[in-house]
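Participant: target36.txt is reproduced in full below (compact mmCIF, C-alpha atoms).
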# COMPACT_ATOMS: atom_id res chain seq x y z
CA MET A 238 12.59 -18.26 23.99
CA ARG A 239 13.19 -18.69 20.31
CA ASN A 240 10.11 -16.65 19.56
CA LEU A 241 11.59 -13.75 21.51
CA LEU A 242 14.58 -13.89 19.19
CA PHE A 243 12.28 -13.62 16.18
CA LEU A 244 10.35 -10.80 17.83
CA PHE A 245 13.54 -8.83 18.51
CA SER A 246 14.88 -9.56 15.01
CA GLY A 247 11.63 -8.16 13.68
CA ILE A 248 11.91 -5.05 15.86
CA TYR A 249 15.42 -4.44 14.55
CA PHE A 250 14.29 -5.07 10.97
CA GLY A 251 11.32 -2.70 11.40
CA ILE A 252 13.56 0.08 12.69
CA VAL A 253 15.97 -0.47 9.79
CA LEU A 254 13.16 -0.40 7.21
CA VAL A 255 11.90 2.94 8.50
CA LYS A 256 15.22 4.62 9.27
CA SER A 257 16.83 3.52 6.00
CA GLU A 258 13.71 4.88 4.24
CA VAL A 259 13.18 1.56 2.42
CA ALA A 260 9.57 1.89 3.62
CA SER A 261 9.19 5.16 1.69
CA TRP A 262 6.97 5.08 -1.41
CA PHE A 263 9.18 7.81 -2.87
CA ARG A 264 12.38 5.79 -2.42
CA ILE A 265 10.80 2.93 -4.37
CA GLN A 266 9.86 5.33 -7.16
CA GLU A 267 13.42 6.65 -7.17
CA MET A 268 14.67 3.08 -7.50
CA PHE A 269 12.40 2.17 -10.42
CA ARG A 270 13.41 5.42 -12.15
CA PHE A 271 17.14 4.74 -11.52
CA GLN A 272 17.50 8.25 -10.13
CA SER A 273 19.34 7.39 -6.93
CA ILE A 274 21.66 4.69 -5.70
CA HIS A 275 19.93 4.69 -2.29
CA MET A 276 17.84 1.50 -2.59
CA PHE A 277 20.40 -0.38 -4.67
CA GLY A 278 23.03 0.41 -2.04
CA ILE A 279 20.87 -0.90 0.80
CA ILE A 280 19.84 -4.08 -1.01
CA GLY A 281 23.46 -4.53 -2.15
CA VAL A 282 24.82 -4.28 1.40
CA ALA A 283 22.15 -6.69 2.67
CA VAL A 284 23.02 -9.23 -0.03
CA ALA A 285 26.75 -8.80 0.68
CA ILE A 286 26.25 -9.50 4.40
CA GLY A 287 23.94 -12.41 3.57
CA SER A 288 26.39 -13.93 1.08
CA LEU A 289 29.29 -13.66 3.51
CA SER A 290 27.20 -15.32 6.22
CA VAL A 291 26.24 -18.16 3.91
CA PHE A 292 29.85 -18.50 2.75
CA PHE A 293 31.23 -18.83 6.29
CA ILE A 294 28.46 -21.14 7.44
CA ARG A 295 29.25 -23.45 4.50
CA ARG A 296 33.02 -23.12 4.73
CA LEU A 297 33.29 -23.64 8.48
CA ASN A 298 30.35 -26.05 8.57
CA LEU A 299 28.72 -23.99 11.32
CA HIS A 300 25.66 -25.19 13.17
CA SER A 301 22.91 -23.11 14.72
CA VAL A 302 23.00 -22.49 18.48
CA GLN A 303 20.50 -25.37 18.81
CA HIS A 304 23.19 -27.60 17.20
CA GLU A 305 21.07 -28.08 14.10
CA THR A 306 22.43 -28.23 10.58
CA ILE A 307 21.49 -24.89 9.04
CA ASN A 308 19.09 -25.13 6.14
CA LEU A 309 20.77 -23.41 3.18
CA SER A 310 18.78 -24.91 0.34
CA GLY A 311 17.35 -22.40 -2.11
CA LYS A 312 13.70 -22.34 -3.10
CA PRO A 313 13.09 -24.38 -6.27
CA PHE A 314 12.41 -22.52 -9.51
CA THR A 315 8.84 -22.46 -10.81
CA ARG A 316 7.09 -20.42 -13.48
CA GLY A 317 5.44 -18.69 -10.52
CA ASN A 318 8.77 -16.93 -9.88
CA VAL A 319 8.23 -15.10 -13.17
CA ILE A 320 4.44 -14.62 -13.32
CA GLY A 321 3.97 -13.98 -9.61
CA GLY A 322 7.17 -11.94 -9.58
CA ILE A 323 5.90 -9.57 -12.27
CA LEU A 324 2.55 -9.21 -10.49
CA PHE A 325 4.35 -8.44 -7.23
CA GLY A 326 6.49 -5.92 -9.14
CA PHE A 327 3.29 -4.12 -10.18
CA GLY A 328 2.15 -4.06 -6.56
CA TRP A 329 5.58 -2.99 -5.30
CA ALA A 330 5.54 0.09 -7.55
CA MET A 331 1.87 0.90 -6.81
CA THR A 332 1.96 0.55 -3.03
CA GLY A 333 5.62 1.58 -2.78
CA ALA A 334 6.01 -1.25 -0.31
CA CYS A 335 6.78 -4.92 -0.08
CA PRO A 336 5.40 -6.96 2.82
CA GLY A 337 8.04 -5.89 5.40
CA PRO A 338 7.49 -2.16 4.88
CA LEU A 339 3.71 -2.66 5.00
CA TYR A 340 4.08 -3.91 8.59
CA ALA A 341 6.63 -1.20 9.43
CA LEU A 342 4.42 1.60 8.07
CA LEU A 343 1.48 0.29 10.06
CA GLY A 344 3.61 0.42 13.21
CA SER A 345 4.81 3.93 12.36
CA GLY A 346 1.24 5.14 12.58
CA TYR A 347 0.29 5.20 8.90
CA PHE A 348 -3.07 3.61 9.55
CA VAL A 349 -4.12 4.31 5.98
CA ILE A 350 -1.90 1.33 5.11
CA ILE A 351 -4.43 -1.00 6.81
CA PRO A 352 -6.60 -1.45 3.69
CA VAL A 353 -3.42 -2.13 1.67
CA LEU A 354 -2.30 -4.80 4.14
CA LEU A 355 -5.77 -6.37 4.27
CA SER A 356 -5.84 -6.45 0.49
CA ALA A 357 -2.43 -8.14 0.48
CA ILE A 358 -3.73 -10.80 2.88
CA LEU A 359 -6.76 -11.25 0.61
CA GLY A 360 -4.37 -11.60 -2.34
CA ALA A 361 -2.47 -14.36 -0.53
CA TYR A 362 -5.79 -16.03 0.27
CA VAL A 363 -7.03 -15.90 -3.33
CA TYR A 364 -3.70 -17.34 -4.47
CA GLY A 365 -4.18 -20.22 -2.03
CA ILE A 366 -7.64 -20.94 -3.45
CA LEU A 367 -6.59 -20.71 -7.11
CA ARG A 368 -3.21 -22.40 -6.66
CA GLU A 369 -4.12 -25.72 -8.30
CA LYS A 370 -5.40 -23.94 -11.40
CA LEU A 371 -2.38 -21.67 -11.92
CA PRO A 372 0.70 -22.64 -13.95
CA HIS A 373 3.76 -23.34 -11.80
CA MET B 237 19.35 -10.04 9.89
CA VAL B 238 20.37 -12.95 7.67
CA PRO B 239 23.21 -14.30 9.88
CA VAL B 240 21.25 -13.81 13.11
CA LEU B 241 18.21 -15.71 11.84
CA LEU B 242 20.37 -18.49 10.37
CA MET B 243 22.67 -18.93 13.35
CA PHE B 244 20.24 -18.42 16.20
CA GLY B 245 16.99 -19.60 14.72
CA ASN B 246 17.95 -21.77 11.72
CA LYS B 247 15.47 -19.77 9.62
CA GLN B 248 15.87 -18.16 6.24
CA LEU B 249 14.80 -14.52 6.17
CA GLY B 250 11.42 -13.98 4.52
CA VAL B 251 8.46 -11.79 5.34
CA SER B 252 5.74 -12.61 2.81
CA SER B 253 5.15 -16.15 4.12
CA SER B 254 3.58 -14.44 7.15
CA LEU B 255 0.67 -13.49 4.86
CA ARG B 256 0.07 -17.17 4.21
CA HIS B 257 0.23 -18.09 7.89
CA LEU B 258 -2.20 -15.28 8.73
CA CYS B 259 -4.64 -16.76 6.20
CA ALA B 260 -4.16 -20.27 7.56
CA ALA B 261 -4.76 -18.99 11.10
CA CYS B 262 -7.66 -16.61 10.48
CA LEU B 263 -9.42 -17.67 7.29
CA PRO B 264 -9.91 -21.41 7.46
CA GLY B 265 -10.84 -22.99 4.16
CA LYS B 266 -10.60 -26.18 2.25
CA ALA B 267 -7.66 -25.04 0.13
CA GLU B 268 -4.69 -27.40 0.40
CA TYR B 269 -2.37 -24.38 0.57
CA PHE B 270 -3.69 -23.39 4.00
CA ASN B 271 -4.05 -26.91 5.32
CA TYR B 272 -1.01 -27.23 7.58
CA ASP B 273 -0.09 -26.51 11.17
CA TRP B 274 0.53 -22.78 11.02
CA LYS B 275 1.57 -22.76 14.68
CA LYS B 276 4.78 -24.52 13.65
CA GLU B 277 5.51 -21.49 11.47
CA SER B 278 4.61 -18.96 14.14
CA TRP B 279 8.18 -17.61 14.09
CA SER B 280 7.17 -15.74 10.96
CA LEU B 281 4.29 -14.05 12.79
CA TYR B 282 6.61 -13.06 15.65
CA LEU B 283 8.91 -11.54 13.05
CA ALA B 284 5.99 -9.61 11.50
CA LEU B 285 4.80 -8.41 14.92
CA GLY B 286 8.36 -7.29 15.66
CA ILE B 287 8.47 -5.30 12.41
CA ILE B 288 5.28 -3.49 13.46
CA ILE B 289 6.80 -2.69 16.88
CA GLY B 290 10.09 -1.64 15.24
CA GLY B 291 8.14 0.67 12.93
CA TRP B 292 6.45 2.18 15.97
CA ILE B 293 9.77 2.73 17.76
CA ALA B 294 11.36 4.31 14.70
CA GLY B 295 8.31 6.45 13.99
CA SER B 296 7.79 7.62 17.57
CA PHE B 297 11.25 8.09 19.01
CA MET B 298 13.66 8.26 16.11
CA SER B 299 11.84 10.30 13.51
CA ASN B 300 13.83 12.57 11.31
CA PRO B 301 12.41 16.11 11.20
CA GLN B 302 14.24 16.79 7.98
CA GLY B 303 12.01 14.55 5.91
CA ILE B 304 13.26 12.35 3.11
CA ALA B 305 15.76 13.75 0.63
CA ILE B 306 14.32 12.38 -2.59
CA SER B 307 16.33 13.14 -5.72
CA GLU B 308 15.25 16.22 -7.64
CA ALA B 309 14.81 14.18 -10.82
CA THR B 310 12.26 11.93 -9.11
CA LYS B 311 10.46 14.93 -7.65
CA ALA B 312 10.23 16.50 -11.11
CA ASP B 313 8.90 13.27 -12.65
CA LEU B 314 6.29 12.83 -9.92
CA MET B 315 5.19 16.48 -10.18
CA LYS B 316 4.33 15.75 -13.81
CA LEU B 317 2.05 12.99 -12.53
CA GLY B 318 0.40 15.42 -10.13
CA ILE B 319 2.19 14.31 -6.96
CA SER B 320 3.58 17.38 -5.20
CA ASP B 321 3.49 16.52 -1.48
CA PHE B 322 6.80 14.86 -0.55
CA SER B 323 6.54 15.46 3.19
CA SER B 324 5.67 11.93 4.25
CA TYR B 325 6.74 8.32 3.72
CA ILE B 326 3.72 7.86 1.47
CA PRO B 327 2.14 10.31 -0.99
CA ARG B 328 -0.81 11.66 0.96
CA GLN B 329 -2.49 12.73 -2.27
CA ILE B 330 -3.03 9.05 -3.13
CA PHE B 331 -2.88 7.20 0.18
CA ALA B 332 -5.67 8.68 2.26
CA TRP B 333 -8.97 7.32 3.54
CA ASP B 334 -10.97 9.78 1.44
CA ARG B 335 -9.00 8.77 -1.66
CA LEU B 336 -9.85 5.09 -1.33
CA LEU B 337 -12.67 5.32 -3.86
CA THR B 338 -10.89 7.52 -6.39
CA LEU B 339 -9.31 5.69 -9.33
CA PRO B 340 -5.63 6.26 -8.39
CA GLY B 341 -6.37 5.65 -4.70
CA PHE B 342 -8.27 2.43 -5.33
CA LEU B 343 -5.66 1.15 -7.79
CA CYS B 344 -2.64 1.95 -5.62
CA MET B 345 -4.09 0.88 -2.29
CA ILE B 346 -6.49 -1.98 -3.01
CA VAL B 347 -5.34 -3.40 -6.34
CA GLY B 348 -1.68 -2.76 -5.48
CA GLY B 349 -2.06 -4.44 -2.11
CA PHE B 350 -3.75 -7.42 -3.75
CA PHE B 351 -0.85 -7.76 -6.21
CA VAL B 352 1.64 -7.67 -3.33
CA GLY B 353 -0.10 -10.55 -1.54
CA PHE B 354 -1.01 -12.60 -4.60
CA GLY B 355 2.29 -12.01 -6.39
CA THR B 356 4.61 -12.73 -3.48
CA ARG B 357 2.83 -16.00 -2.68
CA TYR B 358 2.73 -17.02 -6.36
CA ALA B 359 6.44 -16.19 -6.64
CA ASN B 360 7.05 -17.98 -3.30
CA GLY B 361 8.89 -15.01 -1.84
CA CYS B 362 9.28 -11.25 -1.76
CA THR B 363 12.16 -8.80 -1.62
CA SER B 364 13.50 -10.25 1.62
CA GLY B 365 13.04 -13.93 0.78
CA HIS B 366 14.20 -13.86 -2.85
CA SER B 367 16.21 -10.66 -3.36
CA ILE B 368 18.12 -10.73 -0.06
CA MET B 369 18.08 -14.32 1.23
CA GLY B 370 17.78 -16.06 -2.16
CA LEU B 371 20.51 -14.01 -3.83
CA SER B 372 22.76 -14.60 -0.81
CA LEU B 373 22.32 -18.33 -1.45
CA LEU B 374 23.11 -17.80 -5.16
CA ASN B 375 19.79 -19.49 -5.89
CA PRO B 376 18.96 -19.18 -9.63
CA GLY B 377 15.18 -19.12 -9.08
CA SER B 378 15.55 -16.18 -6.71
CA LEU B 379 17.58 -14.24 -9.27
CA ILE B 380 14.84 -14.87 -11.85
CA ALA B 381 12.22 -13.76 -9.31
CA THR B 382 14.18 -10.58 -8.51
CA VAL B 383 14.48 -9.73 -12.21
CA SER B 384 10.73 -10.36 -12.55
CA PHE B 385 9.98 -8.02 -9.61
CA PHE B 386 11.90 -5.33 -11.46
CA ILE B 387 10.22 -5.98 -14.79
CA GLY B 388 6.83 -5.56 -13.08
CA GLY B 389 7.92 -2.44 -11.22
CA LEU B 390 9.46 -0.82 -14.32
CA VAL B 391 6.40 -1.54 -16.49
CA MET B 392 4.13 -0.09 -13.79
CA THR B 393 6.28 2.99 -13.19
CA TRP B 394 7.09 3.89 -16.79
CA LEU B 395 4.13 2.61 -18.80
CA ILE B 396 1.10 2.36 -16.52
CA PHE B 397 1.56 5.24 -14.04
CA PRO B 398 1.29 7.89 -16.80
CA VAL B 399 -2.09 6.37 -17.74
CA ILE B 400 -3.64 6.06 -14.29
CA PHE B 401 -2.51 9.39 -12.80
How does the structure come out when it is put into structure tokens?
Facilitator:
Amino acid sequence: MRNLLFLFSGIYFGIVLVKSEVASWFRIQEMFRFQSIHMFGIIGVAVAIGSLSVFFIRRLNLHSVQHETINLSGKPFTRGNVIGGILFGFGWAMTGACPGPLYALLGSGYFVIIPVLLSAILGAYVYGILREKLPH
Amino acid sequence: MVPVLLMFGNKQLGVSSSLRHLCAACLPGKAEYFNYDWKKESWSLYLALGIIIGGWIAGSFMSNPQGIAISEATKADLMKLGISDFSSYIPRQIFAWDRLLTLPGFLCMIVGGFFVGFGTRYANGCTSGHSIMGLSLLNPGSLIATVSFFIGGLVMTWLIFPVIF
């Protein structure tokens, strides 16, 4: 049952990524050139909704529908946030896509994105192999 | 997205971890990083599958015949780099099967894709996990990661694109 929820959340997210044009290579270029407010507006609205949700969950001590305490702990800082972050930034500008849009573009019928996605999976795999040797 | 996943699934939004779970499921190895029960994290794969289906729905039944209204300034900048076809979500002059072995095609598709996978896992999150979920939590590491994403993207766009195109 829960998995259906995640599936439907994904479907909604996929539609939003395509219809809001976040999945467009050109919109990402526009963002990195500061020539439109489009992407900043979308990310800003998403963060605003997210922050309000977190605020109310904390304030009202809300639990999930399974009566669990909701995990609101942030990911710990590592040097990987900086080094990996910059490398991902390179890839974000080159592919014009982060992982979500890669999946959404594939679904939209841009099959030429398949080698990009496979290369991203390979990148995750190589990171897993080299992890112990990298500074964190 | 964020409130639904938190309230109904007790999960923090994040897409790039699905790349890790795919590796753990399909590419078994001795690396510690993939040595865990990926089935417990299968929610992330359902989310990814949903995004693919959502992309299909949006692309098949909700497509906008008008195309994307990119700003004229961006169009002018990209024309200088030799990109003149703005009709699609991706520049067809770079992202095409027969461009895979050209320098810009190989760099943008293969090397770029590799950076997306390697970088997001090294940074422990991507735009959704750090920039949306992490910033919503006011998590300092996520702010640093988001700034780093932008440093990488700006360096690539302004300094490296003019060299490779």
Participant: Using only C-alpha atoms, which protein or nucleic acid residues come within 12 Å of Lys276 in chain B? Drop anything in the same chain fewer than 3 positions from it, and give the result as a VMD selection string.
Facilitator: (chain A and resid 240) or (chain B and resid 257 260 to 261 272 to 273 279 to 282)
Participant: Counting all atoms listed in the file, what is within 8 Å of Trp262 in chain A, bar same-chain residues fewer than 4 positions away, as a VMD selection string?
Facilitator: (chain A and resid 266 332 to 334) or (chain B and resid 325 to 327)
Participant: Restrict the distance test to only C-alpha atoms, flag each residue of chain B within 6 Å of chain A, and return the flagged residues as a compact mmCIF listing (two decimals) with C-alpha atoms, keeping the file's coordinate frame.
Facilitator:
# COMPACT_ATOMS: atom_id res chain seq x y z
CA VAL B 238 20.37 -12.95 7.67
CA PRO B 239 23.21 -14.30 9.88
CA MET B 243 22.67 -18.93 13.35
CA PHE B 244 20.24 -18.42 16.20
CA ASN B 246 17.95 -21.77 11.72
CA VAL B 251 8.46 -11.79 5.34
CA SER B 252 5.74 -12.61 2.81
CA LEU B 255 0.67 -13.49 4.86
CA ALA B 267 -7.66 -25.04 0.13
CA TYR B 269 -2.37 -24.38 0.57
CA TRP B 279 8.18 -17.61 14.09
CA TYR B 282 6.61 -13.06 15.65
CA LEU B 283 8.91 -11.54 13.05
CA GLY B 286 8.36 -7.29 15.66
CA ILE B 287 8.47 -5.30 12.41
CA ILE B 288 5.28 -3.49 13.46
CA ILE B 289 6.80 -2.69 16.88
CA GLY B 290 10.09 -1.64 15.24
CA GLY B 291 8.14 0.67 12.93
CA TRP B 292 6.45 2.18 15.97
CA ALA B 294 11.36 4.31 14.70
CA GLY B 295 8.31 6.45 13.99
CA THR B 310 12.26 11.93 -9.11
CA TYR B 325 6.74 8.32 3.72
CA ILE B 326 3.72 7.86 1.47
CA ALA B 332 -5.67 8.68 2.26
CA CYS B 344 -2.64 1.95 -5.62
CA MET B 345 -4.09 0.88 -2.29
CA ILE B 346 -6.49 -1.98 -3.01
CA GLY B 348 -1.68 -2.76 -5.48
CA GLY B 349 -2.06 -4.44 -2.11
CA PHE B 350 -3.75 -7.42 -3.75
CA PHE B 351 -0.85 -7.76 -6.21
CA VAL B 352 1.64 -7.67 -3.33
CA GLY B 353 -0.10 -10.55 -1.54
CA PHE B 354 -1.01 -12.60 -4.60
CA GLY B 355 2.29 -12.01 -6.39
CA THR B 356 4.61 -12.73 -3.48
CA ARG B 357 2.83 -16.00 -2.68
CA TYR B 358 2.73 -17.02 -6.36
CA ALA B 359 6.44 -16.19 -6.64
CA ILE B 368 18.12 -10.73 -0.06
CA SER B 372 22.76 -14.60 -0.81
CA ASN B 375 19.79 -19.49 -5.89
CA GLY B 377 15.18 -19.12 -9.08
CA ALA B 381 12.22 -13.76 -9.31
CA SER B 384 10.73 -10.36 -12.55
CA PHE B 385 9.98 -8.02 -9.61
CA PHE B 386 11.90 -5.33 -11.46
CA GLY B 388 6.83 -5.56 -13.08
CA GLY B 389 7.92 -2.44 -11.22
CA LEU B 390 9.46 -0.82 -14.32
CA MET B 392 4.13 -0.09 -13.79
Participant: Please compute the CA of Phe342 in chain B-CA of Ile330 in chain B distance, one decimal, in Å.
Facilitator: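 Answer for the CA of Phe342 in chain B to CA of Ile330 in chain B separation: 8.7 Å.
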Participant: Given the choices B:Trp274, B:Asp321, B:Gly370, B:Ile304, which gets closest to Cys262 in chain B if the distance is worked out from only C-alpha atoms?
Facilitator: B:Trp274
Participant: CA of Leu373 in chain B and CA of Lys247 in chain B, how far apart in Å?
Facilitator: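 Computing the Euclidean distance for CA of Lys247 in chain B and CA of Leu373 in chain B yields 13.1 Å.
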